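Asks: Have a look at this one before I ask anything.
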Amino acid sequence: MKKFFSGVLGTVIAGSLVALFTLYINKEKIDVKYNLSAPISIPSEKDYVQQLRIQNVGNATAENLVITLNGSIQKYEIKKYSEQDNIQEFELTDSNGKQICYSKLPKDGSIIITMNINGSDSLKIDIKHDKGKATEVFSSQTKVGFALIFFAVSMLFYLLFGVKNLIDDYWITSILQYHRKKIFSRDKPFLLSESRWKEIRGMAIENEIASIKRDYFISAKGLQESSALNYLNNDKINKLKLDNEEQKKIISTTKDYFLKEFRNLRNMLYGKNDYVEILSIIKPDSVEESDWLTEREKIFSSYEEFIKSRCYDIYNVSKTDQFIKDALDINTISDIEKNKIKQDIEQWWLKNLEQWIRGLASDSGKNYIEQIFQTKKPDCFTPSEWESINNTANDKYLEIVLYELFYSSKEDYEKLLKNENSKINNLPDDCRKKIRKYAEQLYCLSIMEDSFILSYEELVDKYNFDLFDSKRIIRLIQSIDKNQSIEKLVNSPVENINKLDVPKTVDESFWNSIIEYRTQKAELNNKLQKMNSEESKLKLKIEKVSKQLDFINSFLDSPDTIDRVEDYDDLFSKGNYENLKKLKNLFTDINKTEN
């Protein structure tokens with residue numbers, strides 16, 4: 001009987017302890033933890049990246065979180081628990097840093113803050129909420145140890161008094177929260193039913209997927225170490241005791257998340273090392289080959305654009321060729337993939353280089369083209385492609401030189417004709433011949449222009465006729481004689497042009513046509529002068545008649561007007577003037593008779 005009462009008392013005490021422990025565990029409790037990653041240097045920059053993760057491991061919602069970050073923060077990004085969460089951001093006035101106010105963080109909720117820190121100085125963190133302060137995951141203030149001790153004591157009482165529900169409700173809960181992966185690798189405990197075990201495994205899978213999705217990666221190395229790969233590689237997932245349905249669920253969800261993060265990293269690539277790292281990621285077994293090839297092709301396209309954007313001096317063939325070689329010196333891509341990228345970049349370079357040559361200005365373009373002439377063919381171009389570039393450069397160089405020649409002086413022409421201009425020596429023979437021929441034509445044109453104002457002796461003093469062969473000199477002398485003879489004919493008085501002899505260098509019909517033109521022009525000028533003289537006389541007569549008519553009209557209104565006409569006005573002839581006076585006297589007598 002005593003043993004019975006002791007057992008009952010022990011059971012009551014154990015039940016009471018279980019009840020107290022249940023109340024302790026289930027009461028609303030806010031427990032916010034945070035963890036700050038080690039600084040990660042950014043290649044080619046002085047900044048470091050750190051990631052702060054904040055999670056509510058309690059069973060109640062934490063309200064009004066105030067996150068104070070003391071440090072030289074250049075920029076930061078917050079991955080919120082929910083898009084609807086409200087965030088307010090402030091600058092610290094008394095020190096460097098930020099203060100972020102986050103509205104609420106529910107049970108199992110977490111947020112991630114990724115920061116760019118200037119230098120490797122330590123970052124000070126202080127996180128508060130309505131019910132207290134957050135603690136670091138590895139802080140001595142954590143209550144996990146106390147909970148585990150209390151849990152161990154309760155387990156001891158459970159074992160002592162045989163309370164089966166304690167294992168079912170709390171031990172499994174702890175496993176799900178902290179060691180859920182162990183559930184995937186063990187058989188069903190004999191104390192649990194099949195349905196309860198299946199439910200626990202389902203919860204563990206959901207929690208594991210949620211935990212994987214909370215990860216945020218800023219480098220390919222981080223993605224390679226992701227826990228998601230544990231479920232995407234056959235050798236690892238096959239070791240787990242998951243049925244087909246469970247495998248499909250966790251693989252499908254994890255694969256989508258892995259590819260999503262892979263695409264996010266693709267948008268964060270800034271340098272060659274970043275591309276090398278992401279291209280070194282090996283395809284997980286559960287990702288289809290076609291999907292993986294599509295993602296890699298997008299990275300290749302992005303890398304092509306990256307290389308093109310860094311080819312700042314496409315006209316510097318040697319420098320650009322070496323840069324492309326260095327950019328494609330990557331062991332993580334196959335020769336087939338490397339050749340495809342190389343061909344695309346070479347075609348882009350060839351097209352843009354030829355367009356750039358065609359668009360060169362005449363003032364500075366020659367220097368760039370001469371640099372191309374002195375450059376050996378790079379390995380990336382075929383002989384025909386390099387010949388095409390040189391032909392384009394030759395044509396542009398010839399265009400610039402001819403344009404400059406047109407506005408050059410006779411001294412420049414003489415240098416070219418004497419082969420003293422070394423800048424055209426790199427041109428092909430046909431281009432040099434064209435330039436010399438054009439310079440010779442311009443030199444001759446200059447001589448012809450001066451032949452209209454200079455004598456032959458003056459032309460010989462001013463120009464170097466030794467630059468021409470004998471045939472050219474003869475033609476020049478004939479042209480000079482022709483020009484000067486025509487100039488003399490054009491400027492001689494008309495009455496003397498018939499006395500001039502026709503020179504041998506001028507066609508007689510052309511000479512006579514000039515004489516005829518000048519003679520007819522002189523006759524037309526004489527006729528025009530006579531017509532102008534007659535027209536002037538006619539205008540005077542018309543003006544006089546007009547004045548007479550105006551006077552007669554005034555005279556009829558007022559006969560006394562005749563008295564105001566002076567003899568020297570010469571408005572009327574003497575007879576007409578006398579007749580007008582008689583009319584005036586007649587009008588006066590008539591007026592007197594009527595009165």
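By convention in this document, the chains of the structure tokens carry letters A, B, ... by their order, each chain's residues are numbered from 1, and ligands are numbered from 1 in the order they are shown.
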Near A:Arg310, within 10 Å and counting only C-alpha atoms, which residues show up once chain neighbours fewer than 6 positions away are dropped, as a PyMOL selection string?
Replies: chain A and resi 320+323-324+327
Asks: What is the atom CA of A:Lys539-atom CA of A:Glu523 distance in Å, reported with one decimal?
Replies: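 Separation between atom CA of A:Lys539 and atom CA of A:Glu523: 24.3 Å.
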Asks: Please identify all polymer residues within 9 Å of A:Lys396, counting only C-alpha atoms, omitting same-chain residues fewer than 2 positions from it, and present them as a ChimeraX atom specification.
Replies: /A:357-360,365-366,369,391-394,398-401
Asks: Taking 4 positions as the minimum chain separation for residues in the same chain, which residues sit within 12 Å of A:Lys584 when counting only C-alpha atoms? Answer as a ChimeraX atom specification.
Replies: /A:552,555-563,577-580,588-591
Asks: If you run DSSP over the backbone, which residues in stretch 170-350 of chain A end up alpha helix (DSSP H)? Put them as number ranges by chain.
Replies: A: 172-178, 180-184, 194-213, 220-224, 234-237, 244-266, 272-279, 289-310, 317-327, 335-350
Asks: Just checking: using only C-alpha atoms, which residue out of A:Asn56, A:Asn86, A:Asn238, A:Gln51 ends up closest to A:Leu123?
Replies: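 Of all the options, A:Gln51 lies closest to A:Leu123.
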Asks: One decimal, in Å: what's the spacing between atom CA of A:Pro383 and atom CA of A:Gln347?
Replies: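 Computed distance, atom CA of A:Pro383 to atom CA of A:Gln347, equals 14.0 Å.
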Asks: Enumerate the residues of stretch 43-120 of chain A with a DSSP assignment of strand (DSSP E), computed from the backbone, and present them as a VMD selection string.
Replies: chain A and resid 47 to 56 62 to 70 73 to 79 87 to 91 97 to 105 110 to 118
Asks: Since we have the selection now, will you write its residues out, keeping C-alpha atoms, as a compact mmCIF listing (two decimals), in the first residue's frame?
Replies:
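Generated file (result_34.txt):
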# COMPACT_ATOMS: atom_id res chain seq x y z
CA ASP A 47 35.06 47.69 -48.31
CA TYR A 48 34.02 44.55 -46.43
CA VAL A 49 30.67 42.79 -46.42
CA GLN A 50 29.01 41.53 -43.22
CA GLN A 51 25.67 39.82 -42.77
CA LEU A 52 23.51 40.24 -39.67
CA ARG A 53 20.77 37.67 -39.10
CA ILE A 54 18.04 38.31 -36.53
CA GLN A 55 15.54 35.59 -35.59
CA ASN A 56 12.70 35.26 -33.07
CA ALA A 62 8.40 40.65 -30.89
CA GLU A 63 7.02 44.18 -31.38
CA ASN A 64 8.87 47.41 -32.32
CA LEU A 65 12.42 46.20 -32.84
CA VAL A 66 15.06 48.95 -32.68
CA ILE A 67 18.31 47.85 -34.36
CA THR A 68 21.29 50.14 -33.67
CA LEU A 69 24.39 49.59 -35.83
CA ASN A 70 27.52 51.52 -34.82
CA ILE A 73 28.40 51.56 -42.96
CA GLN A 74 28.55 52.60 -46.63
CA LYS A 75 25.32 50.93 -47.72
CA TYR A 76 23.08 48.07 -46.63
CA GLU A 77 20.18 45.93 -47.82
CA ILE A 78 17.39 44.37 -45.70
CA LYS A 79 15.74 41.08 -46.56
CA ILE A 87 10.71 49.83 -41.69
CA GLN A 88 12.00 53.23 -40.58
CA GLU A 89 15.67 54.17 -41.03
CA PHE A 90 17.65 56.90 -39.21
CA GLU A 91 21.21 58.18 -39.18
CA GLY A 97 26.03 54.22 -38.01
CA LYS A 98 22.37 53.53 -38.63
CA GLN A 99 19.26 52.91 -36.55
CA ILE A 100 16.52 50.74 -38.07
CA CYS A 101 13.03 50.43 -36.58
CA TYR A 102 11.29 47.21 -37.60
CA SER A 103 7.54 46.88 -36.89
CA LYS A 104 7.27 43.26 -35.71
CA LEU A 105 8.90 39.85 -35.94
CA SER A 110 13.84 36.31 -39.26
CA ILE A 111 15.36 39.23 -41.13
CA ILE A 112 18.78 39.54 -42.80
CA ILE A 113 20.77 42.76 -43.13
CA THR A 114 23.70 42.77 -45.60
CA MET A 115 26.10 45.69 -45.06
CA ASN A 116 29.11 47.19 -46.87
CA ILE A 117 31.57 48.28 -44.14
CA ASN A 118 34.43 50.72 -44.81
Asks: List the neighbours of A:Lys248 out to 12 Å using only C-alpha atoms; skip same-chain residues closer than 3 positions along the sequence, and give me the result as a PyMOL selection string.
Replies: chain A and resi 205+231-232+237+242-245+251-255+286
Asks: Which residue, A:Tyr81, A:Tyr303, A:Tyr463, A:Trp348, has the smallest gap to A:Met448 when you use only C-alpha atoms?
Replies: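 Using only C-alpha atoms, the shortest distance to A:Met448 belongs to A:Tyr463.
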